[in-house]
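Dumped final_38.txt below, it's compact mmCIF, C-alpha atoms:
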# COMPACT_ATOMS: atom_id res chain seq x y z
CA MET A 13 6.06 22.85 41.72
CA PRO A 14 2.24 22.67 41.44
CA MET A 15 0.79 19.63 39.68
CA SER A 16 -0.67 21.76 36.84
CA SER A 17 2.82 23.10 36.07
CA VAL A 18 4.25 19.57 36.06
CA LEU A 19 1.53 18.42 33.69
CA ARG A 20 2.13 21.40 31.35
CA LEU A 21 5.88 20.71 31.38
CA LEU A 22 5.31 17.01 30.72
CA GLN A 23 2.93 17.84 27.86
CA THR A 24 5.49 20.23 26.32
CA VAL A 25 8.26 17.61 26.58
CA CYS A 26 6.04 14.92 25.02
CA LEU A 27 5.00 17.22 22.17
CA ALA A 28 8.61 18.20 21.51
CA ALA A 29 9.75 14.56 21.59
CA GLY A 30 6.93 13.57 19.26
CA ALA A 31 7.84 16.33 16.82
CA SER A 32 11.47 15.22 16.73
CA PHE A 33 10.51 11.62 15.91
CA THR A 34 7.89 12.36 13.27
CA PRO A 35 8.71 10.33 10.13
CA GLN A 36 9.08 12.17 6.83
CA LEU A 37 5.98 11.36 4.79
CA VAL A 38 4.77 12.45 1.41
CA THR A 39 1.39 13.89 2.33
CA ALA A 40 -1.61 15.17 0.44
CA THR A 41 -0.01 18.59 -0.04
CA ASP A 42 3.48 17.38 -1.03
CA ALA A 43 4.58 16.77 -4.61
CA LEU A 44 5.61 13.22 -5.41
CA PRO A 45 9.35 12.56 -5.68
CA PRO A 46 10.55 12.64 -9.33
CA GLU A 47 10.84 8.85 -9.68
CA LEU A 48 7.24 8.36 -8.48
CA GLU A 49 6.01 11.21 -10.70
CA LYS A 50 7.64 9.42 -13.67
CA LEU A 51 5.86 6.18 -12.68
CA LYS A 52 2.54 8.01 -12.35
CA VAL A 53 2.86 9.50 -15.84
CA ALA A 54 3.75 6.07 -17.29
CA LEU A 55 0.67 4.49 -15.70
CA GLU A 56 -1.89 7.22 -16.52
CA LYS A 57 -3.43 4.97 -19.19
CA TYR A 58 -4.59 2.60 -16.44
CA LYS A 59 -7.03 5.18 -15.15
CA ASP A 60 -9.25 3.23 -17.55
CA PRO A 61 -9.53 -0.25 -15.96
CA VAL A 62 -10.45 -1.79 -19.32
CA VAL A 63 -7.00 -0.78 -20.63
CA ALA A 64 -5.51 -2.46 -17.54
CA VAL A 65 -7.39 -5.70 -18.29
CA ARG A 66 -6.24 -5.61 -21.93
CA ASP A 67 -2.64 -5.29 -20.67
CA GLY A 68 -2.94 -8.36 -18.42
CA TYR A 69 -4.21 -6.92 -15.11
CA PHE A 70 -7.16 -8.93 -13.79
CA SER A 71 -9.54 -7.92 -11.01
CA THR A 72 -9.46 -9.82 -7.73
CA LEU A 73 -13.10 -8.71 -7.31
CA GLY A 74 -13.13 -7.73 -3.64
CA CYS A 75 -12.67 -4.24 -2.25
CA VAL A 76 -10.21 -4.68 0.63
CA LYS A 77 -10.49 -2.60 3.77
CA TYR A 78 -8.99 -2.70 7.25
CA ALA A 79 -10.00 -0.97 10.46
CA SER A 80 -7.28 1.66 9.82
CA GLY A 81 -7.97 2.30 6.14
CA THR A 82 -8.64 0.82 2.74
CA MET A 83 -6.63 -0.65 -0.13
CA GLY A 84 -9.41 -0.86 -2.70
CA VAL A 85 -9.97 -3.32 -5.55
CA HIS A 86 -6.76 -5.06 -6.65
CA PHE A 87 -6.02 -5.78 -10.32
CA LEU A 88 -3.18 -8.35 -10.53
CA ASN A 89 -0.87 -8.94 -13.51
CA PRO A 90 0.50 -12.48 -12.93
CA ALA A 91 3.11 -12.05 -15.69
CA LEU A 92 4.85 -9.42 -13.54
CA ILE A 93 5.37 -11.69 -10.51
CA GLY A 94 9.06 -12.40 -9.92
CA PRO A 95 11.88 -12.20 -7.37
CA GLU A 96 12.95 -8.67 -8.36
CA PRO A 97 10.53 -5.75 -8.60
CA ASP A 98 10.49 -3.59 -11.71
CA PRO A 99 9.94 -0.01 -10.52
CA MET A 100 8.05 0.87 -13.70
CA LYS A 101 5.85 -2.27 -13.73
CA PRO A 102 3.89 -2.76 -10.51
CA THR A 103 2.35 -6.19 -9.99
CA LEU A 104 -0.99 -4.72 -8.93
CA LEU A 105 -3.12 -1.67 -9.63
CA LEU A 106 -5.50 -0.51 -6.88
CA TYR A 107 -8.85 1.07 -7.69
CA GLU A 108 -11.46 2.79 -5.55
CA PRO A 109 -15.12 2.20 -6.47
CA VAL A 110 -16.72 5.65 -6.85
CA GLY A 111 -20.33 5.52 -8.01
CA ASP A 112 -20.40 3.31 -11.09
CA LYS A 113 -16.70 3.81 -11.90
CA LEU A 114 -13.35 2.54 -10.68
CA GLU A 115 -10.73 5.24 -9.99
CA LEU A 116 -7.04 4.34 -9.97
CA VAL A 117 -5.61 5.30 -6.56
CA ALA A 118 -2.39 3.33 -6.01
CA VAL A 119 0.00 0.64 -7.21
CA GLU A 120 1.54 -2.33 -5.44
CA TRP A 121 4.45 -4.67 -5.95
CA LEU A 122 3.97 -8.20 -4.59
CA ILE A 123 6.84 -10.70 -4.37
CA PRO A 124 5.99 -14.21 -3.11
CA LEU A 125 8.75 -15.95 -1.17
CA ALA A 126 8.26 -18.89 -3.56
CA THR A 127 9.95 -16.82 -6.30
CA GLY A 128 13.26 -17.31 -4.50
CA VAL A 129 13.59 -13.66 -3.45
CA LYS A 130 16.73 -13.46 -1.29
CA PRO A 131 17.22 -10.13 0.47
CA LYS A 132 14.29 -8.00 1.62
CA PRO A 133 13.28 -6.08 -1.52
CA GLU A 134 13.38 -2.30 -1.73
CA LEU A 135 12.15 0.27 -4.24
CA PHE A 136 12.55 4.05 -4.30
CA GLY A 137 14.72 3.78 -1.17
CA HIS A 138 11.85 2.20 0.76
CA PRO A 139 11.88 -1.40 2.07
CA PHE A 140 8.95 -3.68 1.32
CA ASP A 141 6.58 -4.75 4.10
CA GLY A 142 6.85 -8.37 5.22
CA PRO A 143 7.38 -11.12 4.74
CA MET A 144 3.80 -11.86 5.68
CA GLU A 145 1.00 -14.34 5.14
CA GLY A 146 -1.46 -13.91 2.28
CA HIS A 147 -4.40 -11.58 2.86
CA GLU A 148 -7.36 -13.90 3.42
CA PRO A 149 -9.83 -14.40 1.77
CA LEU A 150 -8.43 -13.10 -1.54
CA LEU A 151 -4.92 -14.51 -1.07
CA PRO A 152 -4.44 -17.80 0.76
CA ALA A 153 -2.60 -17.44 4.07
CA ALA A 154 0.04 -19.86 2.74
CA LEU A 155 1.06 -17.30 0.07
CA HIS A 156 3.92 -15.77 2.05
CA HIS A 157 5.14 -12.60 0.40
CA TYR A 158 6.56 -9.10 0.56
CA ASP A 159 4.59 -6.13 -0.72
CA LEU A 160 4.94 -2.40 -1.19
CA HIS A 161 2.16 0.09 -1.90
CA ALA A 162 2.60 3.51 -3.48
CA TRP A 163 -0.31 5.95 -3.34
CA ILE A 164 0.59 7.93 -6.44
CA PHE A 165 -2.90 8.72 -7.75
CA LYS A 166 -4.69 9.56 -4.49
CA PRO A 167 -2.81 11.28 -1.67
CA ASN A 168 -2.49 9.30 1.54
CA PRO A 169 -2.24 11.24 4.84
CA MET A 170 -0.50 8.18 6.36
CA GLY A 171 2.33 8.35 3.79
CA VAL A 172 2.88 7.44 0.16
CA PHE A 173 4.16 3.92 1.01
CA HIS A 174 1.65 3.07 3.76
CA PRO A 175 -0.34 -0.10 3.00
CA VAL A 176 -3.78 1.48 3.55
CA ASN A 177 -5.34 4.87 2.91
CA PRO A 178 -8.05 6.23 5.24
CA ASN A 179 -9.36 8.44 2.40
CA VAL A 180 -10.22 5.46 0.17
CA LYS A 181 -13.67 3.94 0.61
CA CYS A 182 -15.33 0.65 -0.32
CA PRO A 183 -19.07 0.50 -0.90
CA GLU A 184 -21.18 -1.62 1.42
CA GLY A 185 -21.95 -4.99 -0.11
CA PRO A 186 -20.88 -8.60 -0.50
CA TYR A 187 -17.63 -7.77 -2.33
CA THR A 188 -16.30 -5.44 0.34
CA LEU A 189 -13.98 -7.49 2.51
CA LEU A 190 -12.92 -6.37 5.99
CA GLU A 191 -9.55 -8.03 6.54
CA GLU A 192 -7.23 -8.35 9.49
CA PRO A 193 -3.59 -7.36 9.04
CA PRO A 194 -1.68 -10.48 7.98
CA LYS A 195 0.77 -12.15 10.34
CA THR A 196 4.43 -11.63 9.63
CA VAL A 197 6.49 -14.72 8.84
CA PRO A 198 10.24 -15.31 8.83
CA HIS A 199 12.12 -15.16 5.55
CA PRO A 200 13.38 -18.69 4.73
CA SER A 201 17.02 -17.56 5.00
CA GLU A 202 16.47 -16.05 8.47
Would you write out, as structure tokens, the structure that this file holds?
Amino acid sequence: MPMSSVLRLLQTVCLAAGASFTPQLVTATDALPPELEKLKVALEKYKDPVVAVRDGYFSTLGCVKYASGTMGVHFLNPALIGPEPDPMKPTLLLYEPVGDKLELVAVEWLIPLATGVKPKPELFGHPFDGPMEGHEPLLPAALHHYDLHAWIFKPNPMGVFHPVNPNVKCPEGPYTLLEEPPKTVPHPSE
């Protein structure tokens, strides 16, 4: 068999194998699952970041980005930190700076190991990422935690629960922080 035929056959096999192992993602053209649509409707008021602040969400100031995508500006509600996530009350709201405004793009649940969380948390049938170190410089590395992102206000081509979104941008400046992915750590019961 000529080499060009072998290469075409190998390419076809690789493409077919890749297609069969493609994860199911909620993409920019898909509707959100009903439970995430319900969450989105409940959080619409936080499109205004001032309303978020009045309800106990405080800005962490920096716009977080990674080489593979961006998270945005995190607004944390410390009163919502605990060992069990509430699906209707995310710990963090994520905003994208657009011009002179902040646009709500995603939500995040953060569960520090110090809360006594036992099994790996899960929401909406999706396991949390981690445990991992804190995201320096905004979270100290010693803050070991689990987290889960949900891109319910801005579609994410990498998937609704992916930690970063390549379509979110941070402006250039001193409060845009290029971070490295945090190191994973063992859960204390492991």
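Across the model, the gap from CA of Met170 in chain A to CA of Ala153 in chain A is 25.8 Å.
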Contacts of Lys113 in chain A within 12 Å, only C-alpha atoms, excl. fewer than 3 positions in-chain, as a ChimeraX atom specification: /A:59-62,85,107-110,116,183
What does the structure give for the distance between CA of Gly68 in chain A and CA of Glu47 in chain A, in Å to one decimal?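 CA of Gly68 in chain A sits 23.7 Å away from CA of Glu47 in chain A.
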Selected residue, from A:Lys181, A:Lys101, A:Lys166, A:Lys50, that lies nearest to Ala79 in chain A when counting all atoms listed in the file: A:Lys181
To one decimal place, how far is CA of Leu105 in chain A from CA of Lys195 in chain A in Å?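 Those two atoms sit 22.9 Å apart.
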Residue contacts of Thr127 in chain A (8 Å, all atoms listed in the file) excluding same-chain residues fewer than 2 positions away, as a ChimeraX atom specification: /A:94-95,123-125,129
List the neighbours of Lys57 in chain A out to 12 Å using only C-alpha atoms; skip same-chain residues closer than 5 positions along the sequence, and give me the result as a PyMOL selection string. chain A and resi 51-52+62-67+105+115-116
As a PDB file, in the coordinates of the input, could you write out range 156-177 of chain A once it has been completed with N, CA and C atoms?
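Dumped to result05.pdb:
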ATOM      1  N   HIS A 156       3.029 -16.681   1.331  1.00  0.00           N
ATOM      2  CA  HIS A 156       3.920 -15.770   2.050  1.00  0.00           C
ATOM      3  C   HIS A 156       4.602 -14.857   1.052  1.00  0.00           C
ATOM      4  N   HIS A 157       4.660 -13.578   1.372  1.00  0.00           N
ATOM      5  CA  HIS A 157       5.140 -12.600   0.400  1.00  0.00           C
ATOM      6  C   HIS A 157       5.619 -11.312   1.069  1.00  0.00           C
ATOM      7  N   TYR A 158       6.269 -10.492   0.245  1.00  0.00           N
ATOM      8  CA  TYR A 158       6.560  -9.100   0.560  1.00  0.00           C
ATOM      9  C   TYR A 158       5.648  -8.256  -0.309  1.00  0.00           C
ATOM     10  N   ASP A 159       5.301  -7.051   0.161  1.00  0.00           N
ATOM     11  CA  ASP A 159       4.590  -6.130  -0.720  1.00  0.00           C
ATOM     12  C   ASP A 159       4.937  -4.684  -0.374  1.00  0.00           C
ATOM     13  N   LEU A 160       4.707  -3.836  -1.350  1.00  0.00           N
ATOM     14  CA  LEU A 160       4.940  -2.400  -1.190  1.00  0.00           C
ATOM     15  C   LEU A 160       3.877  -1.653  -1.965  1.00  0.00           C
ATOM     16  N   HIS A 161       3.193  -0.755  -1.282  1.00  0.00           N
ATOM     17  CA  HIS A 161       2.160   0.090  -1.900  1.00  0.00           C
ATOM     18  C   HIS A 161       2.739   1.476  -2.163  1.00  0.00           C
ATOM     19  N   ALA A 162       2.248   2.119  -3.198  1.00  0.00           N
ATOM     20  CA  ALA A 162       2.600   3.510  -3.480  1.00  0.00           C
ATOM     21  C   ALA A 162       1.328   4.239  -3.907  1.00  0.00           C
ATOM     22  N   TRP A 163       0.916   5.179  -3.093  1.00  0.00           N
ATOM     23  CA  TRP A 163      -0.310   5.950  -3.340  1.00  0.00           C
ATOM     24  C   TRP A 163       0.049   7.140  -4.219  1.00  0.00           C
ATOM     25  N   ILE A 164       0.141   6.888  -5.517  1.00  0.00           N
ATOM     26  CA  ILE A 164       0.590   7.930  -6.440  1.00  0.00           C
ATOM     27  C   ILE A 164      -0.555   8.633  -7.162  1.00  0.00           C
ATOM     28  N   PHE A 165      -1.756   8.080  -7.092  1.00  0.00           N
ATOM     29  CA  PHE A 165      -2.900   8.720  -7.750  1.00  0.00           C
ATOM     30  C   PHE A 165      -3.877   9.350  -6.772  1.00  0.00           C
ATOM     31  N   LYS A 166      -3.832   8.943  -5.514  1.00  0.00           N
ATOM     32  CA  LYS A 166      -4.690   9.560  -4.490  1.00  0.00           C
ATOM     33  C   LYS A 166      -3.812   9.766  -3.254  1.00  0.00           C
ATOM     34  N   PRO A 167      -3.665  11.012  -2.826  1.00  0.00           N
ATOM     35  CA  PRO A 167      -2.810  11.280  -1.670  1.00  0.00           C
ATOM     36  C   PRO A 167      -3.236  10.486  -0.440  1.00  0.00           C
ATOM     37  N   ASN A 168      -2.244  10.073   0.337  1.00  0.00           N
ATOM     38  CA  ASN A 168      -2.490   9.300   1.540  1.00  0.00           C
ATOM     39  C   ASN A 168      -1.913  10.058   2.742  1.00  0.00           C
ATOM     40  N   PRO A 169      -2.753  10.498   3.679  1.00  0.00           N
ATOM     41  CA  PRO A 169      -2.240  11.240   4.840  1.00  0.00           C
ATOM     42  C   PRO A 169      -1.333  10.386   5.730  1.00  0.00           C
ATOM     43  N   MET A 170      -1.350   9.063   5.553  1.00  0.00           N
ATOM     44  CA  MET A 170      -0.500   8.180   6.360  1.00  0.00           C
ATOM     45  C   MET A 170       0.873   7.973   5.710  1.00  0.00           C
ATOM     46  N   GLY A 171       1.055   8.488   4.487  1.00  0.00           N
ATOM     47  CA  GLY A 171       2.330   8.350   3.790  1.00  0.00           C
ATOM     48  C   GLY A 171       2.177   7.628   2.474  1.00  0.00           C
ATOM     49  N   VAL A 172       2.992   7.989   1.518  1.00  0.00           N
ATOM     50  CA  VAL A 172       2.880   7.440   0.160  1.00  0.00           C
ATOM     51  C   VAL A 172       3.079   5.923   0.126  1.00  0.00           C
ATOM     52  N   PHE A 173       3.889   5.358   1.037  1.00  0.00           N
ATOM     53  CA  PHE A 173       4.160   3.920   1.010  1.00  0.00           C
ATOM     54  C   PHE A 173       3.389   3.144   2.079  1.00  0.00           C
ATOM     55  N   HIS A 174       2.441   3.768   2.739  1.00  0.00           N
ATOM     56  CA  HIS A 174       1.650   3.070   3.760  1.00  0.00           C
ATOM     57  C   HIS A 174       0.705   2.080   3.078  1.00  0.00           C
ATOM     58  N   PRO A 175       0.489   0.904   3.676  1.00  0.00           N
ATOM     59  CA  PRO A 175      -0.340  -0.100   3.000  1.00  0.00           C
ATOM     60  C   PRO A 175      -1.818   0.276   2.796  1.00  0.00           C
ATOM     61  N   VAL A 176      -2.370   1.101   3.678  1.00  0.00           N
ATOM     62  CA  VAL A 176      -3.780   1.480   3.550  1.00  0.00           C
ATOM     63  C   VAL A 176      -3.918   2.988   3.531  1.00  0.00           C
ATOM     64  N   ASN A 177      -5.065   3.444   3.017  1.00  0.00           N
ATOM     65  CA  ASN A 177      -5.340   4.870   2.910  1.00  0.00           C
ATOM     66  C   ASN A 177      -6.702   5.141   3.545  1.00  0.00           C
TER      67      ASN A 177
END
